[in-house]
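*Asks:* Attaching a single structure in structure tokens format; questions to follow.
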Amino acid sequence: MKKTAFAFVLFLLGAAPVFAAPSSGAAALWTAEELRGAPQDLERRPNCESCPPAPHSPRALLSPLPEAEDGIIRRVRVDSERKVAAITFDLCELETRSNGYDYRIVDFLRREGIPATFFMGGKWMNAHPERAMQVMACPLFEIGNHAWSHGNFALMDENMARDQVLRAQAQYESLRDELTARAASAGFEAAFADAIPREMTLFRLPYGRSSAKALRLLGSLGLRVVQWDVVAERLPGDNAEPQAAEECAGQVRPGSILLFHANGVPLNSHLLLERVVGLLRAKGYAFVTVSELLDMGQAEKVKDGYFNTPGDNLELDAKFGLYGTGAE
């Protein structure tokens, strides 16, 4: 990221810029107080009836990936002495219900200067536009596609899967347009253009479920599929227990990708995150985004997604169904 763009985004976030921001008398888009979350952000609500209609298709599609990029990335093979890991968060909700925004997680990451990758569902972005834009605008974070409403890519036909992907891409594009408009009114449009990607290029499979047909579709849409090799949270279980953090940190290897959620589900993910970060830092680990990690080594891929062992997510097909509307 160019220095002016980086400084501009820090300015938007109400932070003291590392570099001199472009000269302008415009106020920041958000004050520090506006960025800080509140307990009501965590509320799990019925679907958002006041949300504006969401666009169904982005203005442009990414170029298809070469066949060599096929597969589901679980981790990256790096030098064993290079202690780096990518912390990722899903921000999603089902077709029938909205979820919250765990401001405690985002506040912690900003405060500690920790890069992270957020996989956002389009429906979640539509229900939380201001929070989504604040995450998008932070130079520490990158954004990936997590489908529209957490539909199951192992069960959907190609048309349904395409719609889930493109609606999320279009929602991101719409929010980026809004950020661009705000930046233009503040006199920072040129710097902004380099600061936030025009499209999401990473994709996370809801439930970790897929099929050969779905992977071909995602590749044709230019999206690299990223899963994880460490499931950080306990579900069910108490993520506030110190043992949960010790178990999670004990699974991390150089090049690991950790799965967390920042939508208020499961409970106490913020406590788990803080403890895991502390334990890993004590071991000498540094944190990078998924894209940065992919640039450091060779991606390790599988053909079928899962949580910890192959097949351990098959039961979710019956529990949540095609669109992710089943009872929890």
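Ordering of the structure tokens sets the chain letters (A, B, ...), residue numbers begin anew at 1 in every chain, and ligands are numbered from 1 in the order given.
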Based on the backbone DSSP call, show me all residues of region 155-255 of chain A assigned strand (DSSP E or B), as a list in words.
*Replies:* Leu202, Phe203, Arg224, Val225, Val226, Val230 and Val231 of chain A
*Asks:* Write out as a tab-separated table a residue-level contact list of region 209-241 of chain A versus region 265-288 of chain A with cut-off 9 Å: for each qualifying residue the closest pair of atoms and the distance in Å to one decimal, counting only C-alpha atoms, rows sorted by chain and residue number upward.
*Replies:*
```
residue	atom	partner	partner_atom	distance
A:Ala232	CA	A:Leu272	CA	8.1
A:Glu233	CA	A:Ser269	CA	6.8
A:Arg234	CA	A:Pro266	CA	7.6
A:Leu235	CA	A:Pro266	CA	6.5
A:Pro236	CA	A:Pro266	CA	8.0
A:Gly237	CA	A:Pro266	CA	8.9
A:Asp238	CA	A:Asn268	CA	7.5
A:Asn239	CA	A:Asn268	CA	5.5
A:Ala240	CA	A:Asn268	CA	5.6
A:Glu241	CA	A:Leu272	CA	7.8
```
*Asks:* Would you output that residue set with N, CA, C and O atoms, as a PDB file, in the first residue's frame?
*Replies:*
```pdb
ATOM      1  N   ALA A 232     -10.030 -22.469  16.106  1.00  0.00           N
ATOM      2  CA  ALA A 232      -9.649 -21.871  17.387  1.00  0.00           C
ATOM      3  C   ALA A 232     -10.716 -22.064  18.459  1.00  0.00           C
ATOM      4  O   ALA A 232     -10.407 -22.381  19.610  1.00  0.00           O
ATOM      5  N   GLU A 233     -11.969 -21.861  18.106  1.00  0.00           N
ATOM      6  CA  GLU A 233     -13.039 -21.805  19.095  1.00  0.00           C
ATOM      7  C   GLU A 233     -13.616 -23.180  19.419  1.00  0.00           C
ATOM      8  O   GLU A 233     -13.600 -24.083  18.581  1.00  0.00           O
ATOM      9  N   ARG A 234     -14.136 -23.274  20.614  1.00  0.00           N
ATOM     10  CA  ARG A 234     -14.892 -24.451  21.027  1.00  0.00           C
ATOM     11  C   ARG A 234     -16.375 -24.193  20.796  1.00  0.00           C
ATOM     12  O   ARG A 234     -16.915 -23.173  21.198  1.00  0.00           O
ATOM     13  N   LEU A 235     -17.028 -25.107  20.121  1.00  0.00           N
ATOM     14  CA  LEU A 235     -18.469 -25.000  19.917  1.00  0.00           C
ATOM     15  C   LEU A 235     -19.050 -26.409  19.851  1.00  0.00           C
ATOM     16  O   LEU A 235     -18.877 -27.118  18.852  1.00  0.00           O
ATOM     17  N   PRO A 236     -19.722 -26.876  20.924  1.00  0.00           N
ATOM     18  CA  PRO A 236     -19.948 -26.145  22.178  1.00  0.00           C
ATOM     19  C   PRO A 236     -18.693 -26.163  23.051  1.00  0.00           C
ATOM     20  O   PRO A 236     -17.737 -26.864  22.748  1.00  0.00           O
ATOM     21  N   GLY A 237     -18.753 -25.418  24.109  1.00  0.00           N
ATOM     22  CA  GLY A 237     -17.635 -25.361  25.030  1.00  0.00           C
ATOM     23  C   GLY A 237     -17.429 -23.949  25.518  1.00  0.00           C
ATOM     24  O   GLY A 237     -18.053 -23.011  25.034  1.00  0.00           O
ATOM     25  N   ASP A 238     -16.539 -23.801  26.486  1.00  0.00           N
ATOM     26  CA  ASP A 238     -16.297 -22.498  27.102  1.00  0.00           C
ATOM     27  C   ASP A 238     -14.995 -21.920  26.565  1.00  0.00           C
ATOM     28  O   ASP A 238     -13.901 -22.355  26.941  1.00  0.00           O
ATOM     29  N   ASN A 239     -15.124 -20.930  25.692  1.00  0.00           N
ATOM     30  CA  ASN A 239     -13.943 -20.295  25.123  1.00  0.00           C
ATOM     31  C   ASN A 239     -13.250 -19.365  26.113  1.00  0.00           C
ATOM     32  O   ASN A 239     -12.177 -18.840  25.807  1.00  0.00           O
ATOM     33  N   ALA A 240     -13.859 -19.137  27.268  1.00  0.00           N
ATOM     34  CA  ALA A 240     -13.244 -18.290  28.290  1.00  0.00           C
ATOM     35  C   ALA A 240     -12.240 -19.068  29.138  1.00  0.00           C
ATOM     36  O   ALA A 240     -11.454 -18.468  29.871  1.00  0.00           O
ATOM     37  N   GLU A 241     -12.231 -20.394  29.050  1.00  0.00           N
ATOM     38  CA  GLU A 241     -11.308 -21.191  29.848  1.00  0.00           C
ATOM     39  C   GLU A 241      -9.878 -21.019  29.331  1.00  0.00           C
ATOM     40  O   GLU A 241      -9.639 -21.126  28.124  1.00  0.00           O
TER      41      GLU A 241
END
```
*Asks:* Wanna dump the region 128-183 of chain A-region 309-319 of chain A contacts at 12 Å for me, each residue with its shortest atom pair and the distance in Å to one decimal, counting only C-alpha atoms, ordered by chain and number, as CSV?
*Replies:*
```
residue,atom,partner,partner_atom,distance
A:His150,CA,A:Leu316,CA,11.9
A:Gly151,CA,A:Asp317,CA,10.1
A:Asn152,CA,A:Asp317,CA,7.4
A:Phe153,CA,A:Asp317,CA,9.9
A:Ala154,CA,A:Asp317,CA,8.3
A:Leu155,CA,A:Asp317,CA,7.7
A:Met156,CA,A:Asp317,CA,10.9
```
*Asks:* Could you pull the residues within 9 Å of region 62-67 of chain A, counting only C-alpha atoms, minus those fewer than 4 positions along the same chain, as a list in words?
*Replies:*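 Close residues of region 62-67 of chain A: Glu199, Thr201, Arg216, Leu218, Gly219, Ser220, Leu221, Gly222, Leu223 and Arg224 of chain A.
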*Asks:* Tell me, as a ChimeraX atom specification, which residues lie within 9 Å of His128 (chain A), counting only C-alpha atoms; anything in the same chain fewer than 6 positions away does not count.
*Replies:* /A:51,100-101
*Asks:* Of the candidates A:Ile143, A:Val302, A:Ala195, A:Leu322, which one gets nearest to Ala183 (chain A) if we count only C-alpha atoms?
*Replies:* A:Ala195
*Asks:* Quick one: distance from CA of Gly321 (chain A) to CA of Ala214 (chain A) in Å, one decimal?
*Replies:*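 Interatomic distance here is 16.4 Å.
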*Asks:* Considering only C-alpha atoms, return as a PyMOL selection string whatever protein or nucleic-acid residues lie within 9 Å of Glu142 (chain A), sequence-local ones (same chain, fewer than 2 positions apart) excluded.
*Replies:* chain A and resi 115-119+135-136+138-140+144+196-197+200+289-291
*Asks:* Near Leu215 (chain A), within 8 Å and counting only C-alpha atoms, which residues show up once chain neighbours fewer than 5 positions away are dropped, as a PyMOL selection string?
*Replies:* chain A and resi 70-71+210+225
*Asks:* At a cut-off of 7 Å, using only C-alpha atoms, what residues contact Arg167 (chain A)? Leave out same-chain residues fewer than 2 positions from it and give the result as a PyMOL selection string.
*Replies:* chain A and resi 55-57+122+148+163-165+169-171
*Asks:* Keeping only all heavy atoms, take the residues you just selected and write them out as a short mmCIF file (atom, residue, chain, number, x, y, z; two decimals), in the first residue's frame.
*Replies:*
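Listing of result-v8.cif after writing:
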```cif
data_model
loop_
_atom_site.label_atom_id
_atom_site.label_comp_id
_atom_site.auth_asym_id
_atom_site.auth_seq_id
_atom_site.Cartn_x
_atom_site.Cartn_y
_atom_site.Cartn_z
N PRO A 55 -27.63 -5.22 -4.22
CA PRO A 55 -27.40 -5.54 -5.63
C PRO A 55 -27.10 -7.03 -5.79
O PRO A 55 -26.60 -7.67 -4.88
CB PRO A 55 -26.18 -4.68 -5.98
CG PRO A 55 -25.48 -4.46 -4.68
CD PRO A 55 -26.55 -4.39 -3.64
N HIS A 56 -27.41 -7.56 -6.96
CA HIS A 56 -27.21 -9.00 -7.18
C HIS A 56 -25.93 -9.32 -7.95
O HIS A 56 -25.44 -10.44 -7.86
CB HIS A 56 -28.42 -9.58 -7.93
CG HIS A 56 -29.54 -9.95 -7.03
ND1 HIS A 56 -29.86 -11.26 -6.71
CD2 HIS A 56 -30.43 -9.19 -6.35
CE1 HIS A 56 -30.89 -11.28 -5.88
NE2 HIS A 56 -31.25 -10.04 -5.66
N SER A 57 -25.41 -8.37 -8.70
CA SER A 57 -24.23 -8.65 -9.51
C SER A 57 -23.25 -7.49 -9.44
O SER A 57 -23.67 -6.33 -9.51
CB SER A 57 -24.62 -8.90 -10.97
OG SER A 57 -25.44 -10.04 -11.08
N GLY A 122 -22.31 -11.52 2.47
CA GLY A 122 -22.96 -10.36 1.88
C GLY A 122 -24.14 -9.88 2.68
O GLY A 122 -24.36 -8.68 2.86
N TRP A 148 -23.29 -15.15 0.29
CA TRP A 148 -24.34 -14.21 0.68
C TRP A 148 -24.94 -14.57 2.03
O TRP A 148 -24.91 -13.77 2.96
CB TRP A 148 -25.44 -14.14 -0.38
CG TRP A 148 -26.60 -13.30 0.06
CD1 TRP A 148 -27.82 -13.73 0.52
CD2 TRP A 148 -26.64 -11.87 0.15
NE1 TRP A 148 -28.61 -12.67 0.88
CE2 TRP A 148 -27.91 -11.52 0.67
CE3 TRP A 148 -25.73 -10.86 -0.15
CZ2 TRP A 148 -28.29 -10.20 0.87
CZ3 TRP A 148 -26.11 -9.54 0.05
CH2 TRP A 148 -27.37 -9.22 0.56
N ASP A 163 -24.99 -17.23 -7.52
CA ASP A 163 -25.72 -16.11 -6.93
C ASP A 163 -25.19 -15.78 -5.54
O ASP A 163 -25.03 -14.60 -5.19
CB ASP A 163 -27.21 -16.44 -6.86
CG ASP A 163 -28.04 -15.30 -6.31
OD1 ASP A 163 -28.10 -14.24 -6.96
OD2 ASP A 163 -28.64 -15.45 -5.22
N GLN A 164 -24.90 -16.81 -4.73
CA GLN A 164 -24.36 -16.59 -3.39
C GLN A 164 -23.02 -15.83 -3.45
O GLN A 164 -22.77 -14.95 -2.64
CB GLN A 164 -24.16 -17.93 -2.68
CG GLN A 164 -25.42 -18.56 -2.13
CD GLN A 164 -25.77 -18.03 -0.76
OE1 GLN A 164 -24.92 -17.88 0.11
NE2 GLN A 164 -27.05 -17.76 -0.54
N VAL A 165 -22.19 -16.19 -4.41
CA VAL A 165 -20.88 -15.54 -4.55
C VAL A 165 -21.03 -14.11 -5.05
O VAL A 165 -20.48 -13.16 -4.46
CB VAL A 165 -19.99 -16.35 -5.51
CG1 VAL A 165 -18.69 -15.59 -5.78
CG2 VAL A 165 -19.67 -17.72 -4.93
N GLN A 169 -20.10 -10.32 -3.60
CA GLN A 169 -19.16 -9.44 -4.29
C GLN A 169 -19.80 -8.08 -4.55
O GLN A 169 -19.17 -7.03 -4.39
CB GLN A 169 -18.74 -10.06 -5.63
CG GLN A 169 -17.86 -11.30 -5.53
CD GLN A 169 -16.46 -11.03 -5.02
OE1 GLN A 169 -16.21 -11.10 -3.81
NE2 GLN A 169 -15.54 -10.75 -5.92
N ALA A 170 -21.07 -8.10 -4.98
CA ALA A 170 -21.77 -6.85 -5.29
C ALA A 170 -22.00 -6.01 -4.04
O ALA A 170 -21.92 -4.77 -4.09
CB ALA A 170 -23.10 -7.16 -5.97
N GLN A 171 -22.29 -6.66 -2.91
CA GLN A 171 -22.49 -5.91 -1.68
C GLN A 171 -21.20 -5.23 -1.23
O GLN A 171 -21.21 -4.07 -0.81
CB GLN A 171 -23.01 -6.84 -0.57
CG GLN A 171 -23.31 -6.15 0.74
CD GLN A 171 -24.41 -5.11 0.61
OE1 GLN A 171 -25.45 -5.39 0.03
NE2 GLN A 171 -24.20 -3.92 1.16
#
```
*Asks:* Could you state the separation of CA of Leu258 (chain A) and CA of Arg74 (chain A) in Å, given to one decimal place?
*Replies:* 9.4 Å
*Asks:* Have a look at A:Ile114, A:Met133, A:Ala60, A:Ala127 and name the one nearest to Thr180 (chain A); count only C-alpha atoms.
*Replies:* A:Met133
*Asks:* Which of region 32-101 of chain A counts as alpha helix (DSSP H) under DSSP, as a ChimeraX atom specification please?
*Replies:* /A:32-35
*Asks:* Check the smallest atom-to-atom distance from each of A:Asn263, A:Asn126, A:Gln227, A:Gln243 to Asp41 (chain A) using only C-alpha atoms, then report the winner.
*Replies:*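 Answer, going by the shortest atom-to-atom distance: A:Asn263.
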